[in-house]
Every structure is written in structure tokens, then in C-alpha cells.
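Here's the structure, in C-alpha cells; my notes come after.
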Number of protein chains: 2
Amino acid sequence: MPKIHNFSAGPSILPRQAMEAGSRACLDFNGTGLSLLEMSHRGKEFIGVMDQAISLVKELLGVPSGYSVVFVGGGASLQFAMVPYNLLDEGETAAYLDTGTWANKAIKEANLFGNVKVVASSKDANYNFIPKGYAIPADAKYFHCTSNNTIFGTQMQHFPESPVPVVCDMSSDIFSRPVDVSKFGLIYAGAQKNMGIAGCTMAIIKNDLLGKVKRKIPSMLDYKIHIEGESMYNTPPVFPVYLAMETLKWVKQLGGVNAMQKRNEEKAQRLYTEIDANPLFKGTCAKEDRSRMNVCFVMEKPELEDAFNKAAEAANLSGLKGHRSVGGFRASIYNALELESIDALVAVMRDFARKHG
Amino acid sequence: MPKIHNFSAGPSILPRQAMEAGSRACLDFNGTGLSLLEMSHRGKEFIGVMDQAISLVKELLGVPSGYSVVFVGGGASLQFAMVPYNLLDEGETAAYLDTGTWANKAIKEANLFGNVKVVASSKDANYNFIPKGYAIPADAKYFHCTSNNTIFGTQMQHFPESPVPVVCDMSSDIFSRPVDVSKFGLIYAGAQKNMGIAGCTMAIIKNDLLGKVKRKIPSMLDYKIHIEGESMYNTPPVFPVYLAMETLKWVKQLGGVNAMQKRNEEKAQRLYTEIDANPLFKGTCAKEDRSRMNVCFVMEKPELEDAFNKAAEAANLSGLKGHRSVGGFRASIYNALELESIDALVAVMRDFARKHG
């Protein structure tokens with residue numbers, strides 16, 4: 001079977017070795033004679049997995065002391081509620097940057113718990129750029145932003161100086177580049193892009209932000225309880241955590257987040273260069289805000305889209321359809337995507353231009 | 001490698017064919033050339049999985065019209081909060097039956113949202129029986145019970161007539177026997193016993209119970225949103241849902257919940273018969289409330305426990321250690337456990353009695 005180039009926006013391509021480890025673990029976990037799927041999460045085998053997953057997060061991102069790392073279920077969408085549940089009392093205000101669909105969903109949930117001040121939005125431009133130069137109120141409880149906007153293909157290349165703790169949804173670019181964790185109060189990310197499979201979410205929390213709201217927090221939504229339970233307050237999503245561990249092992253083997261950044265920039269540059277050079281295509285975002293994870297582009301002549309789709313399919317390029325909010329195409333080029341897949345896409349674009357240009 | 005008899009309380013033994021399907025899906029899902037782990041949840045492949053999982057729940061349990069079935073993340077522990085979040089307004093009262101650790105945790109969460117009336121408790125007897133003959137207040141919003149108590153080895157063999165909707169945590173005995181869903185307002189179950197692996201939870205909800213509380217509900221905790229989103233409001237826990245589907249396919253192949261009941265009663269009877277006959281062992285629960293899923297027993301002479309543990313290990317019997325709340329031993333004998341594993345345990349018990357009796 002020919003190789004399929006997987007440009008899916010998420011769940012998305014993972015390192016082959018992580019998927020192979022998952023496949024083996026389903027049958028026999030490390031020679032124990034039992035499948036990882038049928039093991040107690042309280043046994044030493046899975047405790048070892050959880051410990052290593054958390055250690056790898058700390059090591060790869062250089063998490064400073066005073067922060068805790070947890071894996072929880074529920075997806076980043078649950079974090080949209082957990083963040084204000086834990087950090088924003090009724091009557092208090094949180095500042096949010098509106099850069100797209102997911103930022104909007106986070107804002108919607110925060111509105112249930114306190115006041116939301118949207119400091120800037122690029123909604124009027126269909127989110128094709130990242131707002132800059134906004135002021136973050138010093139009396140806000142925190143400032144929330146989305147580092148990468150999967151749907152619109154924009155990415156924060158810089159984070160603002162903030163007078164209040166910065167909370168960041170890094171679901172779609174975590175471990176794709178170095179991050180100075182000490183500049184953040186809370187970072188969270190659904191696993192299913194660069195960190196593993198759907199079903200677990202990782203959060204890095206500055207401990208001293210917690211325990212300050214007056215409301216009662218349901219146990220499963222309380223970061224303190226997950227921290228105290230070492231991500232085992234309840235039965236954790238065992239297999240998704242294992243895949244996260246295996247994926248992070250691969251990130252480390254390849255040289256960590258600096259190596260990922262180099263790899264991702266090379267992939268992104270090669271693809272954006274073609275988009276800018278090819279007369280049939282154009283990018284949808286402000287150049288300085290272009291994402292290194294999700295490359296959105298449309299055709300100068302939309303009537304050619306179907307034909308390009310067919311050409312892409314014929315070349316085993318999968319998952320290129322753009323989100324309905326933007327249209328056109330989106331190549332998601334997460335950590336695990338190889339340069340050869342970029343080259344395969346570029347080759348199809350060039351060939352298409354020769355035939356239809 | 002000799003067969004390991006897996007008596008783990010959960011995550012626990014699954015049908016071998018489901019684990020093998022999981023192993024294959026990690027590498028290539030149904031000949032697509034892509035791993036299930038790297039596929040979009042919006043693609044037709046996974047939509048087919050989710051549809052089939054939900055259909056199998058409806059078919060196997062005979063879910064009547066007027067009910068919805070959803071798969072969500074977060075575990076049954078999140079349901080402890082979701083149930084009152086959706087059903088219990090501030091100032092209103094819900095009735096809870098206290099039959100053990102998990103019932104207690106459900107009560108604790110409900111207390112955050114409204115008033116809790118504990119209608120009966122077996123706490124003073126270390127939960128070694130299921131209370132009966134209690135009254136459920138007619139003005140309660142709902143009555144909550146736990147059908148099987150994994151830790152204490154008791155199981156509700158009958159459900160009470162209730163003047164209000166019955167909400168039941170069936171995490172550890174769902175699909176182990178027939179259930180008349182029409183007698184319940186809401187049933188929920190973490191997957192990781194009879195339904196699959198840790199990381200997803202299934203809920204069956206009578207639609208007309210929803211939308212009646214005044215409070216605002218965060219999206220991810222709102223049953224209506226999960227129902228409307230067909231369990232895809234956010235990225236669902238793809239692989240856990242797939243394993244649930246494969247596990248339920250196996251339940252159906254073997255004859256459905258009636259066949260499971262027969263199989264489980266035979267296993268339970270064979271093991272309890274040995275416990276009652278063997279002079280070294282005794283059961284910990286009232287006989288009429290004994291669980292067909294978790295068989296708890298202790299030794300007449302506790303000083304022999306270590307030696308029995310060693311004998312069990314030598315015979316490849318795994319996961320028999322009792323929960324610290326009860327001590328002794330617990331053999332979890334969920335759907336997928338084969339009769340031969342019961343026979344292996346009984347043989348070790350008999351042999352031990354011959355040597356130490």
C-alpha cells in the first residue's frame with residue numbers, strides 16, 4: 001500500500017513508533033502477559049507510564065518549580081470551563097483575546113462564571129490575523145489567549161507582556177517550539193495534535209493561582225484535586241496517557257522542542273514559499289501571523305478546487321479540505337509530519353499549476 | 001507464556017477479540033492505510049464507529065424511545081457532578097442511597113448543587129449489604145443509586161419502586177445482565193469494566209428530564225449539548241469509543257445481556273460455592289446482595305493471607321488483592337472473564353485448603 005500523507009487537522013498524524021508501541025501494548029504490555037487495556041491504573045506498570053509522561057512534559061518544556069503538571073480527561077473544551085471555575089470569581093473580570101472559533105468557545109464558558117473583557121478581536125477580518133497592541137487590564141484575574149488557531153491558520157509568534165497571569169490554550173502547537181513556561185500562569189492542551197490521541201488533556205498550572213475563588217468546585221473540575229491525586233484522582237484515560245508518553249519520548253529522541261521548531265519551520269517555509277510563488281494559490285492569513293502548524297490556502301480561481309482536490313487524492317494526500325469557516329485548503333503539518341509529505345504536496349501544486357496555470 | 005487469569009477490578013479484562021481489533025486499528029484501520037489514532041473524528045470512518053457504538057447500546061439494552069445515548073469523556077466521577085448540575089436546582093432535594101465509596105462520592109458532588117437526602121446507608125456495617133425497605137421522598141428531584149459496589153462486592157439484585165426518576169451508576173455491572181431502561185431516568189457507566197477501556201463514559205438519558213434547572217451549565221457538562229452534538233460536540237475519546245464498540249460487538253455475538261447474565265451467574269455461583277464450602281475462606285457480604293461482578297472474601301486465619309497470595313501468583317492469578325477498605329481478596333469476574341479462570345482460582349483455593357486446612 002502506498003504511503004498516505006496525513007494532513008488531518010486533528011486527531012492527526014503521530015510518530016509511527018508511538019502508534020506501533022500502542023499496537024503492541026494492546027496485546028502485551030512490556031512482556032507482562034497482559035494488555036495495557038486490561039491493567040489496573042493503580043499497578044506499578046501504569047503508574048510508571050503516568051510518571052514518565054509527566055516527567056517528559058516537565059523536561060521538554062523546562063517547567064520551573066512552583067508549577068504542577070496534570071493529565072485529565074475531557075478535552076480542551078472542558079478546560080474552557082475549568083479555567084474560570086478555578087480562577088475567576090463571580091463579579092471578577094478576565095481578559096480574553098479573540099482569535100477564532102476556539103477562543104470564542106473559551107469566552108462563552110468564562111461568561112458563565114464572571115465577567116469577560118475581550119481585549120481585541122480579529123473577527124471582522126474572519127480571524128486572518130492576530131491582534132496586537134491591545135492593553136490587558138491590570139485588574140483582570142488573568143489574560144487568556146489561544147496560541148495557534150487551527151481553523152484559521154494563525155499563530156501567536158510572540159506573547160504579550162501581561163500585568164496579570166497568562167492562561168494559554170496551546171492545544172494545537174504544544175511541543176512544536178520552545179515556550180518559556182515561567183511567563184504563563186496556566187497552559188493547557190488537548191493531546192490530539194502534537195501530544196498523542198484524543199481522550200486526554202494536559203495542563204501546567206502555577207500552584208499559587210489556585211485556591212483563591214470562593215465558589216465550591218466539583219472535584220473533577222478542581223485542578224487542586226487532580227494535582228493532589230497525581231492525575232489519578234479517578235481512573236485516568238490510560239491508553240491516551242500512554243500514547244502521550246510514547247509521543248513525547250519521540251519528541252525527546254529527535255532533540256526536543258528546539259529540534260521540533262527547526263523541523264516545523266522548515267516544513268512551513270517550504271509550503272508557504274510554494275503558496276506565494278504558485279499563481280493558482282494564495283494564503284489566507286497575514287504573513288507575520290502564519291501558523292507553522294496549520295497552513296490555510298485558497299485558490300485564485302475557486303472553480304479549480306474540485307480538480308485540485310482530485311489531484312491531491314490521486315497523490316495520496318489526505319485531510320487537506322479546509323474548514324468550512326475558511327474554505328479552500330488546510331494542510332496541517334504537525335510535529336510528526338515528515339518533510340517528504342510537504343514535498344509531495346508541493347509537487348502536486350506545481351504539477352497542477354503547469355496543467356491549469 | 002502461560003495464560004494469566006486477570007481478576008483486576010478495573011480497568012479490567014476485555015474480550016481478546018476487542019483488544020486484537022484495537023491493536024490492528026493502531027496500525028491500519030479497516031484497510032484505509034491510516035491508523036485510527038491519526039484519523040479525524042469527523043471522517044466517515046469514525047462517525048461509523050460512534051454510530052455503531054450508540055446503536056449497540058440501544059440494541060443490547062433495549063433502550064426505549066424518548067431516551068438518548070451519549071459517549072463522553074471524564075469518567076463516572078464527572079457524572080457525579082453532571083447529574084446534579086443538570087437535574088438538581090439549588091434548594092431542591094435529591095435522594096441518594098449510600099452503598100459504598102462511589103455512592104459517597106456521588107453524594108459529595110450533589111451536595112454542591114442542592115440538598116441531598118440519604119434515604120439509607122449500610123456504612124455502619126462497612127457496606128456489606130444493600131439497604132432495603134427505605135422510603136424515597138415523593139418530592140425529591142430524583143433517586144440515585146449504585147447498582148454494583150466494586151469495592152465492597154455488593155450488587156442491587158432488585159431496584160426499588162420509586163415515585164421519582166431513578167438515576168443509576170452502573171459503571172461496574174452494565175451489560176452484565178438485562179436492565180429495564182424504562183424504569184430509569186438516567187443510567188451512566190464508566191467504560192472500563194464491561195464496556196471497554198478507561199477514557200469514556202456512556203450515559204442513557206430520558207430526554208424529558210433535561211432543560212429544567214435554572215442554573216447555567218458549562219457546555220461540556222450539559223447533557224443536551226452532547227445529545228445535540230451526537231457525542232461529537234468536542235473531539236470525543238476516539239480510541240476508547242472504538243474499544244467500547246468492539247466490546248459491545250462481542251457481547252452481541254455471545255448472545256447479548258441475557259447470555260452475559262447466564263455466564264456471569266454460573267461463574268459467580270461456582271466461586272461463591274467454593275468460598276462457602278472451603279473452611280479457610282469466608283465471604284464478606286450478605287448472601288442475597290452478593291455481586292456477580294466482584295467477589296470479596298477473606299481468610300478465617302488472616303495470617304495465611306500472604307501464603308495464599310503467593311499460591312495465587314504462582315498459578316498466574318492476577319489482581320486478587322482486596323481493596324484496602326475491605327482487606328482480603330477480591331476476584332472481579334466481569335463479562336470477559338472465562339469460566340476457566342474461575343476454575344483456576346477454585347483449584348488454588350482447594351489445594352491451599354488441603355495444605356493448610
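Identifiers in the C-alpha cells: chain A, B, ... in order shown; residue index from 1 per chain; ligand index from 1 in order shown.
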May I have the residues within 6 Å of range 209-221 of chain A as a short mmCIF file (atom, residue, chain, number, x, y, z; two decimals) with C-alpha atoms, in the first residue's frame, using only C-alpha atoms and disregarding those fewer than 6 positions away in the same chain?
data_model
loop_
_atom_site.label_atom_id
_atom_site.label_comp_id
_atom_site.auth_asym_id
_atom_site.auth_seq_id
_atom_site.Cartn_x
_atom_site.Cartn_y
_atom_site.Cartn_z
CA MET A 82 -12.26 24.63 34.32
CA ASP A 89 -14.90 34.54 40.98
CA LEU B 78 -17.56 13.53 36.23
#
Open item on the list: So that I can see what lies close to Gln157 in chain A, please list as a list in words the residues with an atom at most 10 Å from it, counting only C-alpha atoms and leaving out residues fewer than 5 positions away in the same chain.
Closed with: Ile130, Ser147, Asn148, Glu288, Asp289, Arg290, Ser291 and Arg292 of chain A
- [ ] Write down as a count of residues only the residues belonging to range 206-264 of chain B that are assigned alpha helix (DSSP H) by DSSP computed on the backbone.
- [x] 31
TODO: Please determine the contact residues of chain B with respect to chain A at a cut-off of 7 Å, counting only C-alpha atoms, and supply them as a PyMOL selection string.
DONE: chain B and resi 4+8+10-14+19-20+22-24+26-27+33+37-41+73-74+77-78+81+109+112+197-199+216+218+220+234-238
Take the residues just selected and output them with N, CA and C atoms as a short mmCIF file (atom, residue, chain, number, x, y, z; two decimals), in the first residue's frame.
data_model
loop_
_atom_site.label_atom_id
_atom_site.label_comp_id
_atom_site.auth_asym_id
_atom_site.auth_seq_id
_atom_site.Cartn_x
_atom_site.Cartn_y
_atom_site.Cartn_z
N ILE B 4 -2.47 -15.70 31.82
CA ILE B 4 -2.68 -15.00 33.09
C ILE B 4 -4.18 -14.83 33.28
N SER B 8 -8.56 -8.33 37.75
CA SER B 8 -8.44 -6.91 38.12
C SER B 8 -9.81 -6.23 38.21
N GLY B 10 -10.61 -3.16 37.72
CA GLY B 10 -10.89 -2.16 36.69
C GLY B 10 -9.86 -1.05 36.70
N PRO B 11 -9.35 -0.67 35.52
CA PRO B 11 -9.54 -1.32 34.24
C PRO B 11 -9.31 -2.81 34.35
N SER B 12 -10.02 -3.56 33.52
CA SER B 12 -10.14 -4.99 33.75
C SER B 12 -10.14 -5.76 32.44
N ILE B 13 -10.27 -7.05 32.60
CA ILE B 13 -10.21 -7.94 31.44
C ILE B 13 -11.25 -7.55 30.38
N LEU B 14 -10.82 -7.64 29.13
CA LEU B 14 -11.71 -7.36 28.00
C LEU B 14 -11.69 -8.56 27.07
N MET B 19 -9.38 -6.47 22.09
CA MET B 19 -8.00 -5.98 22.23
C MET B 19 -7.23 -6.18 20.93
N GLU B 20 -7.49 -7.28 20.25
CA GLU B 20 -6.82 -7.52 18.97
C GLU B 20 -7.28 -6.53 17.91
N GLY B 22 -8.25 -3.54 18.57
CA GLY B 22 -7.57 -2.29 18.95
C GLY B 22 -6.14 -2.27 18.47
N SER B 23 -5.47 -3.40 18.61
CA SER B 23 -4.07 -3.48 18.18
C SER B 23 -3.94 -3.24 16.68
N ARG B 24 -4.83 -3.87 15.92
CA ARG B 24 -4.79 -3.67 14.46
C ARG B 24 -5.13 -2.23 14.08
N CYS B 26 -4.58 0.42 15.59
CA CYS B 26 -3.47 1.35 15.84
C CYS B 26 -2.55 1.47 14.63
N LEU B 27 -2.53 0.46 13.79
CA LEU B 27 -1.61 0.46 12.64
C LEU B 27 -2.33 0.78 11.35
N GLY B 33 -5.22 2.38 5.33
CA GLY B 33 -3.84 2.84 5.24
C GLY B 33 -3.48 3.85 6.31
N LEU B 37 -5.74 6.09 15.19
CA LEU B 37 -5.23 7.09 16.13
C LEU B 37 -4.95 8.43 15.46
N GLU B 38 -4.81 8.43 14.14
CA GLU B 38 -4.43 9.66 13.44
C GLU B 38 -5.52 10.14 12.49
N MET B 39 -6.74 9.63 12.70
CA MET B 39 -7.85 10.00 11.82
C MET B 39 -8.70 11.09 12.41
N SER B 40 -9.24 11.95 11.57
CA SER B 40 -10.21 12.94 12.02
C SER B 40 -11.45 12.24 12.57
N HIS B 41 -11.95 12.78 13.68
CA HIS B 41 -13.20 12.22 14.23
C HIS B 41 -14.39 12.61 13.38
N GLY B 73 -16.27 12.01 27.66
CA GLY B 73 -15.04 11.75 28.40
C GLY B 73 -15.23 12.01 29.88
N GLY B 74 -14.16 11.80 30.64
CA GLY B 74 -14.17 12.27 32.02
C GLY B 74 -14.46 11.24 33.09
N SER B 77 -16.80 9.64 37.54
CA SER B 77 -16.62 10.68 38.55
C SER B 77 -17.13 12.04 38.05
N LEU B 78 -17.01 12.28 36.77
CA LEU B 78 -17.56 13.53 36.23
C LEU B 78 -19.09 13.48 36.21
N ALA B 81 -20.95 14.83 39.21
CA ALA B 81 -21.28 16.27 39.18
C ALA B 81 -22.28 16.61 38.09
N GLU B 109 -20.63 15.27 45.60
CA GLU B 109 -20.77 16.22 44.49
C GLU B 109 -22.17 16.83 44.45
N LEU B 112 -22.95 19.92 46.40
CA LEU B 112 -22.50 21.23 45.90
C LEU B 112 -23.62 21.96 45.16
N ILE B 197 -12.43 0.40 27.64
CA ILE B 197 -11.24 0.86 28.36
C ILE B 197 -11.50 2.19 29.04
N ALA B 198 -10.64 2.56 29.94
CA ALA B 198 -10.74 3.84 30.63
C ALA B 198 -10.65 4.98 29.63
N GLY B 199 -11.46 6.02 29.85
CA GLY B 199 -11.37 7.19 29.00
C GLY B 199 -12.68 7.59 28.34
N LYS B 216 -27.04 28.06 34.81
CA LYS B 216 -26.34 27.91 33.54
C LYS B 216 -25.37 26.74 33.66
N PRO B 218 -22.10 24.68 32.12
CA PRO B 218 -20.99 24.71 31.14
C PRO B 218 -21.25 23.70 30.03
N MET B 220 -19.64 21.53 28.30
CA MET B 220 -19.14 20.16 28.38
C MET B 220 -19.84 19.34 29.47
N ASN B 234 -17.43 18.06 21.13
CA ASN B 234 -15.97 18.28 21.00
C ASN B 234 -15.36 16.98 20.49
N THR B 235 -14.05 16.96 20.34
CA THR B 235 -13.41 15.74 19.87
C THR B 235 -13.63 14.65 20.91
N PRO B 236 -14.32 13.60 20.54
CA PRO B 236 -14.58 12.54 21.53
C PRO B 236 -13.32 11.70 21.75
N PRO B 237 -13.32 10.90 22.81
CA PRO B 237 -12.19 9.99 23.05
C PRO B 237 -12.25 8.83 22.07
N VAL B 238 -11.67 9.04 20.90
CA VAL B 238 -11.86 8.17 19.75
C VAL B 238 -11.54 6.71 20.05
#
- [ ] Could you give me, as number ranges by chain, each residue of range 240-333 of chain B that DSSP assigns to strand (DSSP E or B) when run on this structure's backbone?
- [x] B: 281-283, 290, 294-299, 317-318, 321, 329-332
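The two atoms in question, CA of Leu186 in chain B and CA of Ile204 in chain B, are spaced 5.6 Å apart.
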Restrict the calculation to only C-alpha atoms, then for each residue of range 108-164 of chain A with any atom at most 6 Å from an atom of range 94-102 of chain A give the closest atom pair and their distance in Å to one decimal, rows by chain and rising residue number, as CSV.
residue,atom,partner,partner_atom,distance
A:Val116,CA,A:Ala94,CA,5.1
A:Lys117,CA,A:Ala95,CA,4.7
A:Val118,CA,A:Tyr96,CA,4.8
A:Val119,CA,A:Leu97,CA,5.7
A:Ala120,CA,A:Leu97,CA,5.5
A:Ser121,CA,A:Asp98,CA,4.5
A:Ser122,CA,A:Thr99,CA,6.0
A:Tyr127,CA,A:Gly100,CA,5.8
A:Ala140,CA,A:Ala94,CA,4.9
A:Lys141,CA,A:Ala94,CA,5.2
A:Tyr142,CA,A:Ala94,CA,5.3
A:Phe143,CA,A:Ala95,CA,4.6
A:His144,CA,A:Tyr96,CA,4.7
A:Cys145,CA,A:Leu97,CA,5.2
Open item on the list: Under the rule that only C-alpha atoms are counted, which of A:Ala344, A:Phe184, A:Glu338, A:Arg350 is the nearest residue to Ile275 in chain A?
Closed with: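 That would be A:Arg350, the residue with the smallest distance to Ile275 in chain A.
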Task: Selection: 8 Å around range 57-63 of chain A, only C-alpha atoms, excl. self and same-chain fewer than 4 positions, as a PyMOL selection string - done: chain A and resi 53+67+69+175+178-182+248+252+256-257
Open item on the list: Report, in Å with one decimal, the straight-line distance from CA of Arg324 in chain A to CA of Lys282 in chain A.
Closed with: 17.0 Å
Open item on the list: Could you list, as number ranges by chain, every residue within 12 Å of Val295 in chain A, counting only C-alpha atoms and ignoring same-chain residues fewer than 5 positions away?
Closed with: A: 7-9, 128, 148-155, 264-265, 267-275, 282-287, 289-290, 320-323, 326, 328-334, 342, 345
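Computed from the coordinates, the CA of Lys224 in chain B to CA of Asp208 in chain B distance equals 10.5 Å.
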